[in-house]
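Peer 1: Before I ask anything, here is the structure I am working with.
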Amino acid sequence: MLINRHTRTIEWGDCDPAGIVFYPRYFAYFDDATGRLFAAAGFPKYDMVRRFNSVGIPMVDTRSKFYIPSRYGEEIIIESRITEFRRSSFDVHHRILKGEAVAVEGFETRVWVGADAEKPGGIKALPIPEEILAAFNEPA
């Protein structure tokens, strides 16, 4: 499976009064990292939504494990990969690294959704397009 890595510098606004990353910011990092992962597979989020006439890939479950705090000015590496595809949902695993050490792990389950023609304004799960599945399963 495709793995995407990017470096991020911890900003002042990411931190709580103790000077460490305020935990909800990690979930924003993970959401951004999922978008970067799809872009690395050749599907930037904006283009993907238009190309496949989908509404998006909303999160339906998330959790994290925190091991080492990160502080203002530090550089971290966020590593993301999809660990499992199902018919319309998939799991993403994120690791935040400080050097070689794992600082935080994040786990998401997301669903491929489109507009529900039977419910105006509603959404419904759709099968993940084969083109997406193929892009993530190609050897790097």
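Numbering starts fresh at 1 for the residues of each chain in the structure tokens, the chains themselves are lettered A, B, ... in the order given, and ligands are numbered from 1 as they appear.
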Using only C-alpha atoms, which residues sit within 12 Å of Tyr26 in chain A once same-chain residues fewer than 6 positions away are excluded, as a list in words?
Peer 2: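 Within the cut-off, the hits are Arg8, Ile10, Asp14, Cys15, Ile20, Asp32, Ala33, Thr62, Arg63, Ser64, Lys65, Phe66, Pro69, Ser70, Ile76, Ile78, His94, Arg95, Ile96, Ala103, Val104, Glu105, Gly106 and Phe107 of chain A.
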Peer 1: Which residue, A:Ser80, A:Thr34, A:Thr9, A:Ser54, has the smallest gap to Ile123 in chain A when you use only C-alpha atoms?
Peer 2: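 Nearest candidate to Ile123 in chain A out of A:Ser80, A:Thr34, A:Thr9, A:Ser54: A:Ser54.
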Peer 1: Quick one, how far is CA of Ser88 in chain A from CA of Lys124 in chain A?
Peer 2: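 We find that CA of Ser88 in chain A and CA of Lys124 in chain A lie 9.8 Å from each other.
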Peer 1: Please identify the strand (DSSP E or B) residues within chain A (assignment by DSSP from backbone atoms) and present them as number ranges by chain.
Peer 2: A: 3-9, 15, 20-21, 56, 59-66, 71, 75-85, 89-98, 101-111, 113-115, 123-125
Peer 1: Quick one: DSSP helix (DSSP H, G or I) residues in chain A, as a PyMOL selection string?
Peer 2: chain A and resi 12-14+23-40+45-51+130-137
Peer 1: Produce a file of the selected residues containing N, CA and C atoms, as a tab-separated table (two decimals), in the first residue's frame.
Peer 2:
```
chain	number	residue	atom	x	y	z
A	12	TRP	N	2.88	28.00	16.98
A	12	TRP	CA	2.47	28.54	18.27
A	12	TRP	C	0.98	28.27	18.52
A	13	GLY	N	0.14	28.49	17.50
A	13	GLY	CA	-1.30	28.33	17.64
A	13	GLY	C	-1.75	26.89	17.80
A	14	ASP	N	-0.84	25.93	17.60
A	14	ASP	CA	-1.17	24.52	17.79
A	14	ASP	C	-1.07	24.10	19.25
A	23	TYR	N	-4.36	18.47	21.96
A	23	TYR	CA	-4.70	17.19	21.31
A	23	TYR	C	-5.65	17.30	20.12
A	24	PRO	N	-6.66	18.21	20.09
A	24	PRO	CA	-7.53	18.24	18.89
A	24	PRO	C	-6.77	18.65	17.62
A	25	ARG	N	-5.65	19.34	17.77
A	25	ARG	CA	-4.87	19.74	16.60
A	25	ARG	C	-4.35	18.52	15.86
A	26	TYR	N	-4.05	17.45	16.59
A	26	TYR	CA	-3.59	16.23	15.93
A	26	TYR	C	-4.63	15.70	14.95
A	27	PHE	N	-5.91	15.82	15.32
A	27	PHE	CA	-6.97	15.34	14.43
A	27	PHE	C	-7.05	16.21	13.17
A	28	ALA	N	-6.77	17.49	13.30
A	28	ALA	CA	-6.69	18.35	12.11
A	28	ALA	C	-5.49	17.94	11.26
A	29	TYR	N	-4.35	17.62	11.91
A	29	TYR	CA	-3.18	17.13	11.16
A	29	TYR	C	-3.54	15.86	10.39
A	30	PHE	N	-4.27	14.95	11.04
A	30	PHE	CA	-4.62	13.68	10.40
A	30	PHE	C	-5.55	13.91	9.21
A	31	ASP	N	-6.50	14.82	9.35
A	31	ASP	CA	-7.40	15.11	8.24
A	31	ASP	C	-6.61	15.65	7.05
A	32	ASP	N	-5.71	16.58	7.31
A	32	ASP	CA	-4.85	17.12	6.25
A	32	ASP	C	-3.99	16.01	5.64
A	33	ALA	N	-3.46	15.14	6.48
A	33	ALA	CA	-2.59	14.05	5.99
A	33	ALA	C	-3.36	13.08	5.11
A	34	THR	N	-4.64	12.84	5.41
A	34	THR	CA	-5.44	11.96	4.56
A	34	THR	C	-5.60	12.59	3.18
A	35	GLY	N	-5.85	13.89	3.15
A	35	GLY	CA	-5.93	14.59	1.86
A	35	GLY	C	-4.63	14.51	1.09
A	36	ARG	N	-3.51	14.66	1.79
A	36	ARG	CA	-2.19	14.55	1.14
A	36	ARG	C	-1.94	13.14	0.62
A	37	LEU	N	-2.42	12.15	1.35
A	37	LEU	CA	-2.26	10.75	0.93
A	37	LEU	C	-3.00	10.51	-0.39
A	38	PHE	N	-4.23	10.99	-0.49
A	38	PHE	CA	-4.97	10.83	-1.74
A	38	PHE	C	-4.30	11.61	-2.87
A	39	ALA	N	-3.78	12.80	-2.57
A	39	ALA	CA	-3.09	13.58	-3.60
A	39	ALA	C	-1.85	12.83	-4.08
A	40	ALA	N	-1.13	12.18	-3.17
A	40	ALA	CA	0.06	11.41	-3.54
A	40	ALA	C	-0.30	10.23	-4.44
A	45	LYS	N	-8.00	16.10	-3.38
A	45	LYS	CA	-9.38	16.02	-2.90
A	45	LYS	C	-10.36	16.79	-3.79
A	46	TYR	N	-10.05	18.01	-4.16
A	46	TYR	CA	-10.96	18.80	-4.99
A	46	TYR	C	-11.24	18.10	-6.32
A	47	ASP	N	-10.19	17.64	-6.97
A	47	ASP	CA	-10.35	16.95	-8.25
A	47	ASP	C	-11.08	15.62	-8.09
A	48	MET	N	-10.78	14.90	-7.02
A	48	MET	CA	-11.38	13.59	-6.78
A	48	MET	C	-12.90	13.71	-6.63
A	49	VAL	N	-13.33	14.68	-5.87
A	49	VAL	CA	-14.76	14.88	-5.65
A	49	VAL	C	-15.47	15.19	-6.97
A	50	ARG	N	-14.87	16.04	-7.77
A	50	ARG	CA	-15.47	16.39	-9.07
A	50	ARG	C	-15.42	15.22	-10.04
A	51	ARG	N	-14.27	14.56	-10.11
A	51	ARG	CA	-14.07	13.48	-11.08
A	51	ARG	C	-15.02	12.31	-10.87
A	130	GLU	N	-12.94	1.69	-8.52
A	130	GLU	CA	-11.83	0.77	-8.81
A	130	GLU	C	-10.53	1.52	-9.09
A	131	GLU	N	-10.64	2.66	-9.74
A	131	GLU	CA	-9.45	3.46	-10.05
A	131	GLU	C	-8.71	3.90	-8.78
A	132	ILE	N	-9.46	4.24	-7.76
A	132	ILE	CA	-8.88	4.61	-6.47
A	132	ILE	C	-8.19	3.39	-5.85
A	133	LEU	N	-8.88	2.27	-5.82
A	133	LEU	CA	-8.33	1.05	-5.24
A	133	LEU	C	-7.03	0.66	-5.94
A	134	ALA	N	-7.02	0.74	-7.25
A	134	ALA	CA	-5.83	0.36	-8.03
A	134	ALA	C	-4.66	1.29	-7.72
A	135	ALA	N	-4.93	2.58	-7.59
A	135	ALA	CA	-3.85	3.54	-7.33
A	135	ALA	C	-3.17	3.28	-5.98
A	136	PHE	N	-3.92	2.87	-5.00
A	136	PHE	CA	-3.34	2.63	-3.68
A	136	PHE	C	-2.65	1.27	-3.58
A	137	ASN	N	-2.99	0.36	-4.45
A	137	ASN	CA	-2.41	-0.97	-4.38
A	137	ASN	C	-1.22	-1.17	-5.33
```
Peer 1: Just the number, please: distance in Å from CA of Ile68 in chain A to CA of Glu100 in chain A, one decimal.
Peer 2: 11.8 Å
Peer 1: My list of candidates is A:Lys119, A:Leu126, A:Pro44, A:Thr109. Which is closest to Thr83 in chain A when distances are computed with only C-alpha atoms?
Peer 2: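 For Thr83 in chain A, the nearest of the candidates is A:Thr109.
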Peer 1: Would you mind telling me which residue in A:Lys98, A:Val113, A:Asp16, A:Asp61 lies nearest to Glu75 in chain A when using only C-alpha atoms?
Peer 2: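 Among the listed residues, the smallest separation from Glu75 in chain A belongs to A:Lys98.
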Peer 1: Quick one: pull the distance between CA of Arg110 in chain A and CA of Pro129 in chain A, Å, one decimal.
Peer 2: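 So the answer is 14.3 Å.
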Peer 1: Which residue out of A:Gly73, A:Gly114, A:Gly99, A:Pro127 has the minimum interatomic distance to Pro58 in chain A when only C-alpha atoms are used?
Peer 2: A:Gly114
Peer 1: For each of A:Ala101, A:Ala125, A:Met1, A:Val55, take the minimum atom-to-atom distance to Arg87 in chain A, counting only C-alpha atoms, then give the residue where this is smallest.
Peer 2: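 The answer is A:Ala125, which sits nearest to Arg87 in chain A.
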Peer 1: Check the smallest atom-to-atom distance from each of A:Glu79, A:Asp116, A:Glu74, A:Asp91 to Gly19 in chain A using only C-alpha atoms, then report the winner.
Peer 2: A:Glu74
